[in-house]
file entry-v4.txt (compact mmCIF, C-alpha atoms and all ligand atoms)
# COMPACT_ATOMS: atom_id res chain seq x y z
CA MET A 1 52.53 115.54 77.83
CA ASN A 2 53.40 117.81 74.94
CA LYS A 3 53.01 121.54 74.72
CA VAL A 4 50.50 123.10 72.37
CA ILE A 5 52.63 124.58 69.58
CA CYS A 6 51.28 126.69 66.71
CA PRO A 7 51.97 124.79 63.46
CA TYR A 8 52.33 128.08 61.53
CA CYS A 9 54.75 130.13 63.65
CA GLY A 10 55.98 127.75 66.36
CA SER A 11 54.64 129.88 69.19
CA GLY A 12 53.74 128.22 72.45
CA LEU A 13 51.17 130.90 73.28
CA SER A 14 47.65 129.90 72.37
CA ARG A 15 44.16 130.02 73.74
CA LYS A 16 41.57 127.23 73.73
CA GLY A 17 38.90 127.83 71.14
CA GLY A 18 36.40 125.03 71.63
CA TYR A 19 36.02 121.58 70.13
CA ARG A 20 35.39 120.04 66.74
CA TYR A 21 32.95 117.15 66.39
CA SER A 22 32.62 114.54 63.66
CA GLU A 23 29.79 115.36 61.26
CA ALA A 24 29.04 111.66 60.83
CA ASP A 25 28.57 110.51 64.40
CA GLY A 26 29.03 113.62 66.58
CA ARG A 27 32.18 112.15 68.13
CA LEU A 28 34.71 114.61 69.58
CA ILE A 29 37.63 114.67 67.14
CA SER A 30 39.82 117.66 67.92
CA LYS A 31 40.47 120.63 70.14
CA ARG A 32 40.64 124.07 68.54
CA PHE A 33 43.28 126.62 69.50
CA LYS A 34 44.00 130.19 68.46
CA CYS A 35 47.64 131.25 68.28
CA LEU A 36 48.17 134.42 70.34
CA GLU A 37 51.17 135.47 68.29
CA CYS A 38 50.19 134.98 64.65
CA GLY A 39 46.46 134.91 65.28
CA ARG A 40 45.83 131.77 63.22
CA GLY A 41 43.57 128.96 64.34
CA PHE A 42 44.59 125.30 64.36
CA SER A 43 43.34 122.03 65.80
CA ILE A 44 44.98 119.18 67.65
CA PRO A 45 43.54 115.64 67.57
CA ILE A 46 41.75 114.79 70.78
CA SER A 47 43.96 111.66 71.11
CA ASP A 48 47.09 113.83 71.54
CA ASP A 49 48.00 114.34 75.16
CA VAL A 50 48.73 118.07 75.23
CA LYS A 51 49.24 120.50 78.05
CA PRO A 52 47.20 123.61 77.31
CA ASN A 53 48.79 126.99 77.59
CA SER A 54 48.33 128.57 80.98
CA LEU A 55 48.77 132.25 80.18
CA PRO A 56 47.31 134.25 83.08
CA ARG A 57 44.03 136.07 82.52
CA ILE A 58 45.06 139.64 81.65
CA LEU A 59 42.33 142.29 81.56
CA LEU A 60 42.51 145.79 80.07
CA LEU A 61 40.06 148.02 81.92
CA ASP A 62 38.80 151.60 81.85
CA ILE A 63 35.88 153.29 83.61
CA GLU A 64 34.01 156.56 83.21
CA THR A 65 32.63 158.37 86.24
CA ALA A 66 29.87 160.92 86.65
CA PRO A 67 30.78 164.30 88.20
CA MET A 68 29.60 165.47 91.63
CA GLU A 69 27.07 168.23 92.00
CA VAL A 70 28.05 170.77 94.67
CA TYR A 71 27.10 174.18 96.07
CA VAL A 72 29.79 176.83 95.64
CA TRP A 73 30.04 180.50 96.73
CA GLY A 74 32.16 181.56 93.81
CA LEU A 75 33.94 180.33 90.73
CA TYR A 76 37.59 181.09 91.55
CA LYS A 77 39.86 179.00 93.85
CA GLN A 78 37.16 177.47 95.97
CA PHE A 79 37.64 175.15 98.92
CA ILE A 80 34.48 173.10 98.98
CA PRO A 81 33.56 171.45 102.31
CA HIS A 82 31.97 167.99 102.00
CA GLY A 83 28.75 169.41 103.40
CA ASN A 84 28.30 171.27 100.09
CA VAL A 85 28.00 168.06 98.12
CA ILE A 86 24.49 167.76 96.70
CA LYS A 87 25.03 164.61 94.67
CA ASP A 88 28.15 162.46 94.90
CA TRP A 89 30.00 160.90 91.92
CA PHE A 90 29.32 157.35 90.75
CA ILE A 91 30.46 155.02 87.97
CA LEU A 92 28.72 155.57 84.62
CA SER A 93 30.31 152.86 82.50
CA TRP A 94 33.14 150.42 82.00
CA ALA A 95 34.87 148.93 79.00
CA ALA A 96 37.26 145.98 79.12
CA LYS A 97 39.03 143.51 76.93
CA TRP A 98 40.92 140.30 77.63
CA LEU A 99 44.39 140.72 76.17
CA TYR A 100 44.57 139.31 72.60
CA ASP A 101 40.77 138.81 72.40
CA ASP A 102 38.96 140.68 69.64
CA GLU A 103 35.80 141.36 71.60
CA ILE A 104 35.40 144.52 73.68
CA LEU A 105 33.17 144.04 76.70
CA SER A 106 31.33 147.05 78.06
CA SER A 107 28.32 148.31 79.93
CA ILE A 108 26.75 151.59 80.99
CA VAL A 109 23.99 152.64 83.37
CA THR A 110 20.48 152.83 81.88
CA PRO A 111 18.82 156.28 81.66
CA LYS A 112 16.78 155.34 84.74
CA GLU A 113 19.88 154.24 86.70
CA ALA A 114 21.71 157.42 85.60
CA ILE A 115 18.97 159.65 87.03
CA LYS A 116 18.92 157.65 90.29
CA ARG A 117 22.76 157.61 90.29
CA GLN A 118 22.57 153.86 90.78
CA ASP A 119 25.61 151.85 89.66
CA ARG A 120 25.08 148.60 91.60
CA ARG A 121 24.34 146.51 88.48
CA VAL A 122 27.34 147.93 86.62
CA MET A 123 29.57 147.39 89.69
CA ALA A 124 28.52 143.72 89.92
CA GLU A 125 29.63 143.28 86.30
CA ILE A 126 33.02 144.89 87.02
CA TRP A 127 33.37 142.63 90.06
CA THR A 128 32.95 139.47 87.96
CA LEU A 129 35.75 140.59 85.62
CA LEU A 130 38.14 141.58 88.43
CA ASP A 131 37.43 138.32 90.22
CA GLU A 132 38.42 136.34 87.13
CA ALA A 133 41.50 138.41 86.23
CA ASP A 134 45.06 137.65 87.33
CA ILE A 135 46.35 141.00 86.04
CA ILE A 136 44.51 144.30 85.44
CA ILE A 137 45.97 146.84 83.03
CA GLY A 138 44.87 150.48 82.98
CA HIS A 139 46.17 153.98 82.35
CA ASN A 140 46.28 155.47 85.87
CA VAL A 141 44.59 152.31 87.15
CA ASP A 142 46.41 152.40 90.51
CA SER A 143 45.38 155.83 91.65
CA PHE A 144 42.14 156.31 89.70
CA ASP A 145 40.17 153.32 88.38
CA GLU A 146 40.96 150.79 91.08
CA ARG A 147 40.29 153.18 93.97
CA LYS A 148 37.09 154.49 92.38
CA ILE A 149 35.92 150.93 91.81
CA LYS A 150 36.73 149.86 95.36
CA ALA A 151 34.90 152.89 96.77
CA ARG A 152 31.78 151.96 94.79
CA PHE A 153 32.14 148.27 95.81
CA ILE A 154 32.16 149.06 99.51
CA LEU A 155 29.36 151.65 99.20
CA ASN A 156 27.29 149.07 97.31
CA LYS A 157 28.09 146.44 100.00
CA ILE A 158 30.00 144.26 97.51
CA PRO A 159 32.88 142.21 99.03
CA PRO A 160 36.38 142.51 97.50
CA PRO A 161 37.15 140.27 94.50
CA THR A 162 39.99 137.73 94.67
CA PRO A 163 43.46 139.37 94.44
CA TYR A 164 45.05 140.40 91.16
CA ARG A 165 48.16 142.31 90.10
CA THR A 166 47.92 145.64 88.31
CA ILE A 167 49.95 147.25 85.53
CA ASP A 168 49.54 151.02 85.43
CA THR A 169 50.64 152.18 81.97
CA LEU A 170 50.78 155.80 83.23
CA LYS A 171 53.29 154.85 85.95
CA VAL A 172 55.34 152.82 83.45
CA ALA A 173 55.38 155.69 80.94
CA ARG A 174 56.46 158.18 83.64
CA ARG A 175 59.15 155.93 85.08
CA GLU A 176 60.72 154.75 81.84
CA PHE A 177 60.42 157.66 79.42
CA SER A 178 60.66 161.41 79.27
CA LEU A 179 57.65 162.40 77.18
CA SER A 180 56.04 165.82 76.82
CA SER A 181 52.76 164.48 78.16
CA TYR A 182 51.72 161.21 79.78
CA LYS A 183 48.05 161.35 78.83
CA GLN A 184 46.93 158.19 77.00
CA ASP A 185 45.67 160.51 74.31
CA TYR A 186 49.11 162.02 73.74
CA ILE A 187 50.95 158.68 73.89
CA THR A 188 48.66 157.11 71.28
CA LYS A 189 49.11 160.13 69.01
CA ARG A 190 52.89 160.32 69.55
CA PHE A 191 53.37 156.63 68.76
CA ASP A 192 50.80 156.68 65.99
CA LEU A 193 48.51 154.19 67.72
CA ASN A 194 44.73 153.88 67.98
CA LYS A 195 43.35 157.36 68.52
CA LYS A 196 41.00 158.36 71.28
CA ILE A 197 37.79 160.09 70.24
CA ASP A 198 38.01 163.80 71.00
CA THR A 199 35.29 164.45 73.60
CA SER A 200 35.36 168.17 72.91
CA ALA A 201 33.51 167.26 69.70
CA PHE A 202 30.63 166.24 71.95
CA GLY A 203 30.75 169.43 73.99
CA GLY A 204 33.14 168.29 76.78
CA LEU A 205 31.42 168.44 80.19
CA ASP A 206 28.10 168.85 78.42
CA LEU A 207 28.19 165.16 77.52
CA TRP A 208 28.50 164.21 81.21
CA LYS A 209 25.66 166.59 82.13
CA ARG A 210 23.44 164.95 79.54
CA CYS A 211 24.44 161.48 80.81
CA VAL A 212 23.42 162.15 84.42
CA SER A 213 20.11 163.57 83.22
CA GLY A 214 19.40 160.18 81.62
CA ASP A 215 19.87 161.19 77.97
CA LYS A 216 20.05 157.88 76.07
CA GLU A 217 21.96 159.32 73.11
CA ALA A 218 24.60 160.85 75.41
CA LEU A 219 25.00 157.53 77.27
CA ASP A 220 25.54 155.77 73.94
CA ILE A 221 28.25 158.26 72.96
CA MET A 222 29.89 157.87 76.39
CA LEU A 223 30.04 154.10 75.98
CA LYS A 224 31.49 154.42 72.48
CA TYR A 225 34.16 156.75 73.86
CA ASN A 226 34.91 154.35 76.73
CA LYS A 227 35.25 151.39 74.30
CA GLN A 228 37.52 153.30 71.93
CA ASP A 229 39.85 154.04 74.86
CA ILE A 230 40.29 150.32 75.50
CA ARG A 231 41.68 149.75 72.00
CA GLY A 232 44.11 152.62 72.59
CA LEU A 233 45.05 151.20 75.99
CA GLU A 234 45.90 147.80 74.53
CA ASP A 235 48.09 149.46 71.90
CA VAL A 236 49.87 151.58 74.54
CA TYR A 237 50.43 148.52 76.75
CA LEU A 238 51.86 146.43 73.91
CA LYS A 239 54.06 149.33 72.79
CA LEU A 240 55.52 149.88 76.28
CA ARG A 241 55.67 146.21 77.28
CA PRO A 242 59.25 145.39 76.19
CA TYR A 243 60.49 148.32 78.31
CA MET A 244 58.66 147.29 81.47
CA ARG A 245 61.15 146.25 84.13
CA ASN A 246 58.65 145.25 86.80
CA HIS A 247 55.95 143.54 84.79
CA PRO A 248 54.30 140.81 86.91
CA ASN A 249 56.51 137.85 86.00
CA LEU A 250 54.43 135.68 83.68
CA GLY A 251 57.09 132.96 83.71
CA VAL A 252 56.65 132.65 87.48
CA MET A 253 52.86 132.77 87.18
CA MET A 254 52.91 130.05 84.48
CA ASP A 255 55.65 128.01 86.17
CA GLU A 256 57.68 128.03 82.95
CA ASP A 257 61.06 129.33 81.81
CA ALA A 258 59.30 132.01 79.78
CA CYS A 259 59.48 135.69 78.92
CA PRO A 260 58.46 137.57 82.09
CA ASN A 261 56.50 140.18 80.11
CA CYS A 262 54.58 138.13 77.52
CA GLY A 263 54.91 134.50 78.63
CA SER A 264 56.45 133.29 75.37
CA GLU A 265 59.02 130.51 75.53
CA HIS A 266 60.49 131.61 72.23
CA LEU A 267 63.72 132.93 73.77
CA GLU A 268 67.15 133.38 72.28
CA ASP A 269 70.54 133.66 73.97
CA THR A 270 72.51 136.90 73.69
CA ASP A 271 76.18 137.42 74.56
CA ALA A 272 75.21 139.70 77.40
CA PHE A 273 75.22 139.12 81.12
CA TYR A 274 73.56 141.03 83.91
CA TYR A 275 75.59 141.55 87.04
CA THR A 276 74.60 142.15 90.61
CA SER A 277 77.14 142.58 93.42
CA ALA A 278 76.95 138.85 94.15
CA SER A 279 75.97 137.13 90.90
CA LYS A 280 76.12 136.96 87.12
CA PHE A 281 73.06 136.07 85.07
CA PRO A 282 72.72 135.33 81.35
CA VAL A 283 70.54 137.70 79.33
CA LEU A 284 68.16 136.30 76.72
CA ARG A 285 65.85 138.13 74.34
CA CYS A 286 62.21 137.21 73.84
CA GLN A 287 61.64 136.63 70.14
CA SER A 288 57.92 137.34 70.49
CA CYS A 289 57.89 140.73 72.22
CA GLN A 290 61.60 141.69 72.22
CA THR A 291 61.86 142.01 76.02
CA PRO A 292 65.40 141.35 77.31
CA TYR A 293 65.12 138.55 79.87
CA ILE A 294 67.56 138.15 82.75
CA ARG A 295 67.44 134.46 83.53
CA LYS A 296 67.78 133.95 87.25
CA ALA A 297 68.76 130.43 88.30
CA LYS A 298 65.45 129.81 90.05
CA ALA A 299 63.61 130.30 86.76
CA LEU A 300 65.28 127.22 85.30
CA PRO A 301 63.68 123.79 85.55
CA ARG A 302 64.72 122.06 88.75
CA LYS A 303 68.09 120.31 88.52
CA THR A 304 69.59 117.56 90.60
CA THR A 305 71.73 119.15 93.25
CA LEU A 306 75.21 117.73 93.71
CA ARG A 307 76.15 117.46 97.30
CA SER A 308 79.64 116.89 98.64
CA VAL A 309 79.78 113.86 100.85
CA ALA A 310 82.15 113.50 103.76
CA LYS A 311 84.62 110.66 103.27
ZN ZN B 401 51.13 131.18 65.34
ZN ZN B 402 58.08 138.33 75.43

call {"tool": "encode", "arguments": {"input": "entry-v4.txt", "output": "structure tokens"}}
result
Amino acid sequence: MNKVICPYCGSGLSRKGGYRYSEADGRLISKRFKCLECGRGFSIPISDDVKPNSLPRILLLDIETAPMEVYVWGLYKQFIPHGNVIKDWFILSWAAKWLYDDEILSSIVTPKEAIKRQDRRVMAEIWTLLDEADIIIGHNVDSFDERKIKARFILNKIPPPTPYRTIDTLKVARREFSLSSYKQDYITKRFDLNKKIDTSAFGGLDLWKRCVSGDKEALDIMLKYNKQDIRGLEDVYLKLRPYMRNHPNLGVMMDEDACPNCGSEHLEDTDAFYYTSASKFPVLRCQSCQTPYIRKAKALPRKTTLRSVAK
């Protein structure tokens, strides 16, 4: 079986894009593919025995939550016991995008659901995405989004989705770089990437207050804001990706000798080696995303082992 290779750029990273049928007799003639590196579409005759690309399902995700309403005795340095909570927080909306796809998926509570603080429908949609994903990417996803989502799953009596790995771009940014701020907002601005909409233009907290009161216009703005963030998140992820040292290893997930960070098999040798106290490994560079790749022996296709035989 042959690999699906892009005829324009030679990349082995593509996604299935449906089928093409003969106009004359409706017979299936070719499979369509979209190259993930150069973005061009191409087709392969149905008679060719090709092994489709098995890039894991990678989801970029971001949620917006509604604030709590609480009783307080003052405005300065308050400790608020849980008994003072009048209305607890819930999830207002989500926006997501499969890596390399153009379409942004999203959803928000209806005005009626907002007033009732009912996010069960929205949570069921998030569940379907998480269940399908192999990797979830988010800015602060580990301590914020994922834990908020799981809290709303269990409160809505929704069982956990199948396991996935996460990539927290906030953690990566903090670990790898010294930047003046680690807010997604700042990173996108600093690297001249997709800009986040400034919520202060909508009156800051006022927008959230209007959302929980079921204001349709405010909910629309919230969703637009949420969707815009996803574009920024994808840009931040792609920008930081070559520097990620603990990216879930895509080569292992795909069972290929491929770039651990992007899954491309377009690798080139360098003169460099990486040393541990016991071993020496060759260093390659991914020609698709520029990640340096330390090739450990177990990543190579299985070889025949030579065994010494007693004479
Ligand atoms: Zn291509
Ligand atoms: Zn790569």

call {"tool": "closest_residue", "arguments": {"input": "entry-v4.txt", "among": "A:Leu284, A:Ile187, A:Ile221, A:Val252", "to": "Leu240 (chain A)", "atoms": "only C-alpha atoms"}}
result
A:Ile187

call {"tool": "residues_near_ligand", "arguments": {"input": "entry-v4.txt", "ligand": "ligand ZN 401 (chain B)", "cutoff": "9 Å", "atoms": "only C-alpha atoms and all ligand atoms", "output": "PyMOL selection string"}}
result
chain A and resi 5-14+34-42

call {"tool": "closest_atom_pairs", "arguments": {"input": "entry-v4.txt", "of": "chain A", "to": "ligand ZN 402 (chain B)", "cutoff": "9 Å", "atoms": "only C-alpha atoms and all ligand atoms", "output": "Markdown table"}}
result
| residue | atom | partner | partner_atom | distance |
| --- | --- | --- | --- | --- |
| A:Arg241 | CA | B:ZN402 | ZN | 8.4 |
| A:Pro242 | CA | B:ZN402 | ZN | 7.2 |
| A:Ala258 | CA | B:ZN402 | ZN | 7.8 |
| A:Cys259 | CA | B:ZN402 | ZN | 4.6 |
| A:Pro260 | CA | B:ZN402 | ZN | 6.7 |
| A:Asn261 | CA | B:ZN402 | ZN | 5.3 |
| A:Cys262 | CA | B:ZN402 | ZN | 4.1 |
| A:Gly263 | CA | B:ZN402 | ZN | 5.9 |
| A:Ser264 | CA | B:ZN402 | ZN | 5.3 |
| A:Glu265 | CA | B:ZN402 | ZN | 7.9 |
| A:His266 | CA | B:ZN402 | ZN | 7.8 |
| A:Leu267 | CA | B:ZN402 | ZN | 8.0 |
| A:Arg285 | CA | B:ZN402 | ZN | 7.8 |
| A:Cys286 | CA | B:ZN402 | ZN | 4.6 |
| A:Gln287 | CA | B:ZN402 | ZN | 6.6 |
| A:Ser288 | CA | B:ZN402 | ZN | 5.0 |
| A:Cys289 | CA | B:ZN402 | ZN | 4.0 |
| A:Gln290 | CA | B:ZN402 | ZN | 5.8 |
| A:Thr291 | CA | B:ZN402 | ZN | 5.3 |
| A:Pro292 | CA | B:ZN402 | ZN | 8.1 |
| A:Tyr293 | CA | B:ZN402 | ZN | 8.3 |

call {"tool": "closest_residue", "arguments": {"input": "entry-v4.txt", "among": "A:Ile149, A:Leu205, A:Ile29, A:Val109", "to": "Asp48 (chain A)", "atoms": "only C-alpha atoms"}}
result
A:Ile29

call {"tool": "atom_distance", "arguments": {"input": "entry-v4.txt", "atom1": "CA of Thr65 (chain A)", "atom2": "CA of Lys77 (chain A)"}}
result
23.1 Å

call {"tool": "atom_distance", "arguments": {"input": "entry-v4.txt", "atom1": "CA of Arg32 (chain A)", "atom2": "CA of Asp235 (chain A)"}}
result
26.7 Å

call {"tool": "atom_distance", "arguments": {"input": "entry-v4.txt", "atom1": "CA of Ala151 (chain A)", "atom2": "CA of Tyr164 (chain A)"}}
result
17.0 Å

call {"tool": "residues_around", "arguments": {"input": "entry-v4.txt", "residues": "Ile91 (chain A)", "least_positions_apart": "6", "cutoff": "12 Å", "atoms": "all atoms listed in the file", "output": "PyMOL selection string"}}
result
chain A and resi 62-68+107-110+113-114+117-126+144-153+155-156+208+211-212+222

call {"tool": "closest_residue", "arguments": {"input": "entry-v4.txt", "among": "A:Lys296, A:Lys97, A:Arg165, A:Arg210", "to": "Gln228 (chain A)", "atoms": "all atoms listed in the file"}}
result
A:Lys97

call {"tool": "closest_residue", "arguments": {"input": "entry-v4.txt", "among": "A:Glu234, A:Asp102, A:Asp220, A:Asp25", "to": "Gly138 (chain A)", "atoms": "only C-alpha atoms"}}
result
A:Glu234

call {"tool": "closest_residue", "arguments": {"input": "entry-v4.txt", "among": "A:Arg231, A:Lys209, A:Arg295, A:His139", "to": "Leu92 (chain A)", "atoms": "all atoms listed in the file"}}
result
A:Lys209

call {"tool": "residues_around", "arguments": {"input": "entry-v4.txt", "residues": "Glu103 (chain A)", "least_positions_apart": "4", "cutoff": "12 Å", "atoms": "all atoms listed in the file", "output": "PDB file with C-alpha atoms, in the coordinates of the input"}}
result
ATOM      1  CA  LEU A  59      42.330 142.290  81.560  1.00  0.00           C
ATOM      2  CA  LEU A  60      42.510 145.790  80.070  1.00  0.00           C
ATOM      3  CA  ALA A  95      34.870 148.930  79.000  1.00  0.00           C
ATOM      4  CA  ALA A  96      37.260 145.980  79.120  1.00  0.00           C
ATOM      5  CA  LYS A  97      39.030 143.510  76.930  1.00  0.00           C
ATOM      6  CA  TRP A  98      40.920 140.300  77.630  1.00  0.00           C
ATOM      7  CA  LEU A  99      44.390 140.720  76.170  1.00  0.00           C
ATOM      8  CA  LYS A 227      35.250 151.390  74.300  1.00  0.00           C
ATOM      9  CA  ILE A 230      40.290 150.320  75.500  1.00  0.00           C
ATOM     10  CA  ARG A 231      41.680 149.750  72.000  1.00  0.00           C
TER      11      ARG A 231
END

call {"tool": "closest_residue", "arguments": {"input": "entry-v4.txt", "among": "A:Asp142, A:Glu217, A:Asp168, A:Asp134", "to": "Leu55 (chain A)", "atoms": "all atoms listed in the file"}}
result
A:Asp134

call {"tool": "axis_aligned_box", "arguments": {"input": "entry-v4.txt", "around": "region 211-214 of chain A", "padding_each_side": "5 Å", "output": "AutoDock Vina command-line options"}}
result
--center_x 21.9 --center_y 161.9 --center_z 82.6 --size_x 15.0 --size_y 13.4 --size_z 13.6

call {"tool": "closest_atom_pairs", "arguments": {"input": "entry-v4.txt", "of": "region 92-198 of chain A", "to": "region 243-246 of chain A", "cutoff": "12 Å", "atoms": "only C-alpha atoms", "output": "Markdown table"}}
result
| residue | atom | partner | partner_atom | distance |
| --- | --- | --- | --- | --- |
| A:Arg165 | CA | A:Asn246 | CA | 11.4 |
| A:Thr166 | CA | A:Asn246 | CA | 10.8 |
| A:Ile167 | CA | A:Asn246 | CA | 9.0 |
| A:Asp168 | CA | A:Met244 | CA | 10.6 |
| A:Thr169 | CA | A:Met244 | CA | 9.4 |
| A:Leu170 | CA | A:Met244 | CA | 11.7 |
| A:Lys171 | CA | A:Met244 | CA | 10.3 |
| A:Val172 | CA | A:Met244 | CA | 6.7 |
| A:Ala173 | CA | A:Met244 | CA | 9.0 |
| A:Arg174 | CA | A:Met244 | CA | 11.3 |
| A:Arg175 | CA | A:Met244 | CA | 9.4 |
| A:Glu176 | CA | A:Tyr243 | CA | 7.3 |
| A:Phe177 | CA | A:Tyr243 | CA | 9.4 |

call {"tool": "decode", "arguments": {"input": "entry-v4.txt", "residues": "region 100-117 of chain A", "atoms": "N, CA and C atoms", "output": "PDB file, in the first residue's frame"}}
result
ATOM      1  N   TYR A 100      -6.314  22.719  11.281  1.00  0.00           N
ATOM      2  CA  TYR A 100      -6.208  22.828   9.816  1.00  0.00           C
ATOM      3  C   TYR A 100      -7.555  22.972   9.096  1.00  0.00           C
ATOM      4  N   ASP A 101      -8.676  22.741   9.801  1.00  0.00           N
ATOM      5  CA  ASP A 101      -9.982  22.937   9.152  1.00  0.00           C
ATOM      6  C   ASP A 101     -10.280  24.431   9.094  1.00  0.00           C
ATOM      7  N   ASP A 102     -11.075  24.840   8.101  1.00  0.00           N
ATOM      8  CA  ASP A 102     -11.408  26.257   7.998  1.00  0.00           C
ATOM      9  C   ASP A 102     -12.573  26.625   8.916  1.00  0.00           C
ATOM     10  N   GLU A 103     -13.471  25.666   9.082  1.00  0.00           N
ATOM     11  CA  GLU A 103     -14.717  25.948   9.793  1.00  0.00           C
ATOM     12  C   GLU A 103     -14.522  26.081  11.309  1.00  0.00           C
ATOM     13  N   ILE A 104     -15.163  27.112  11.881  1.00  0.00           N
ATOM     14  CA  ILE A 104     -15.173  27.246  13.338  1.00  0.00           C
ATOM     15  C   ILE A 104     -16.525  26.758  13.833  1.00  0.00           C
ATOM     16  N   LEU A 105     -16.494  25.815  14.754  1.00  0.00           N
ATOM     17  CA  LEU A 105     -17.726  25.282  15.326  1.00  0.00           C
ATOM     18  C   LEU A 105     -17.998  26.067  16.596  1.00  0.00           C
ATOM     19  N   SER A 106     -19.268  26.318  16.898  1.00  0.00           N
ATOM     20  CA  SER A 106     -19.548  27.047  18.133  1.00  0.00           C
ATOM     21  C   SER A 106     -21.013  26.921  18.508  1.00  0.00           C
ATOM     22  N   SER A 107     -21.291  27.261  19.758  1.00  0.00           N
ATOM     23  CA  SER A 107     -22.671  27.230  20.219  1.00  0.00           C
ATOM     24  C   SER A 107     -22.768  28.052  21.503  1.00  0.00           C
ATOM     25  N   ILE A 108     -23.959  28.573  21.747  1.00  0.00           N
ATOM     26  CA  ILE A 108     -24.181  29.366  22.958  1.00  0.00           C
ATOM     27  C   ILE A 108     -25.572  29.064  23.482  1.00  0.00           C
ATOM     28  N   VAL A 109     -25.787  29.287  24.764  1.00  0.00           N
ATOM     29  CA  VAL A 109     -27.118  29.054  25.337  1.00  0.00           C
ATOM     30  C   VAL A 109     -28.129  30.012  24.681  1.00  0.00           C
ATOM     31  N   THR A 110     -29.375  29.588  24.617  1.00  0.00           N
ATOM     32  CA  THR A 110     -30.440  30.453  24.089  1.00  0.00           C
ATOM     33  C   THR A 110     -30.797  31.461  25.192  1.00  0.00           C
ATOM     34  N   PRO A 111     -31.503  32.561  24.862  1.00  0.00           N
ATOM     35  CA  PRO A 111     -31.903  33.497  25.910  1.00  0.00           C
ATOM     36  C   PRO A 111     -32.667  32.802  27.053  1.00  0.00           C
ATOM     37  N   LYS A 112     -33.508  31.849  26.677  1.00  0.00           N
ATOM     38  CA  LYS A 112     -34.290  31.106  27.679  1.00  0.00           C
ATOM     39  C   LYS A 112     -33.379  30.287  28.596  1.00  0.00           C
ATOM     40  N   GLU A 113     -32.424  29.558  27.962  1.00  0.00           N
ATOM     41  CA  GLU A 113     -31.472  28.743  28.735  1.00  0.00           C
ATOM     42  C   GLU A 113     -30.599  29.628  29.616  1.00  0.00           C
ATOM     43  N   ALA A 114     -30.236  30.826  29.117  1.00  0.00           N
ATOM     44  CA  ALA A 114     -29.389  31.747  29.884  1.00  0.00           C
ATOM     45  C   ALA A 114     -30.101  32.167  31.165  1.00  0.00           C
ATOM     46  N   ILE A 115     -31.382  32.501  31.056  1.00  0.00           N
ATOM     47  CA  ILE A 115     -32.152  32.934  32.224  1.00  0.00           C
ATOM     48  C   ILE A 115     -32.280  31.796  33.244  1.00  0.00           C
ATOM     49  N   LYS A 116     -32.504  30.581  32.712  1.00  0.00           N
ATOM     50  CA  LYS A 116     -32.637  29.407  33.599  1.00  0.00           C
ATOM     51  C   LYS A 116     -31.280  28.866  34.041  1.00  0.00           C
ATOM     52  N   ARG A 117     -30.188  29.437  33.515  1.00  0.00           N
ATOM     53  CA  ARG A 117     -28.817  28.982  33.773  1.00  0.00           C
ATOM     54  C   ARG A 117     -28.692  27.486  33.476  1.00  0.00           C
TER      55      ARG A 117
END
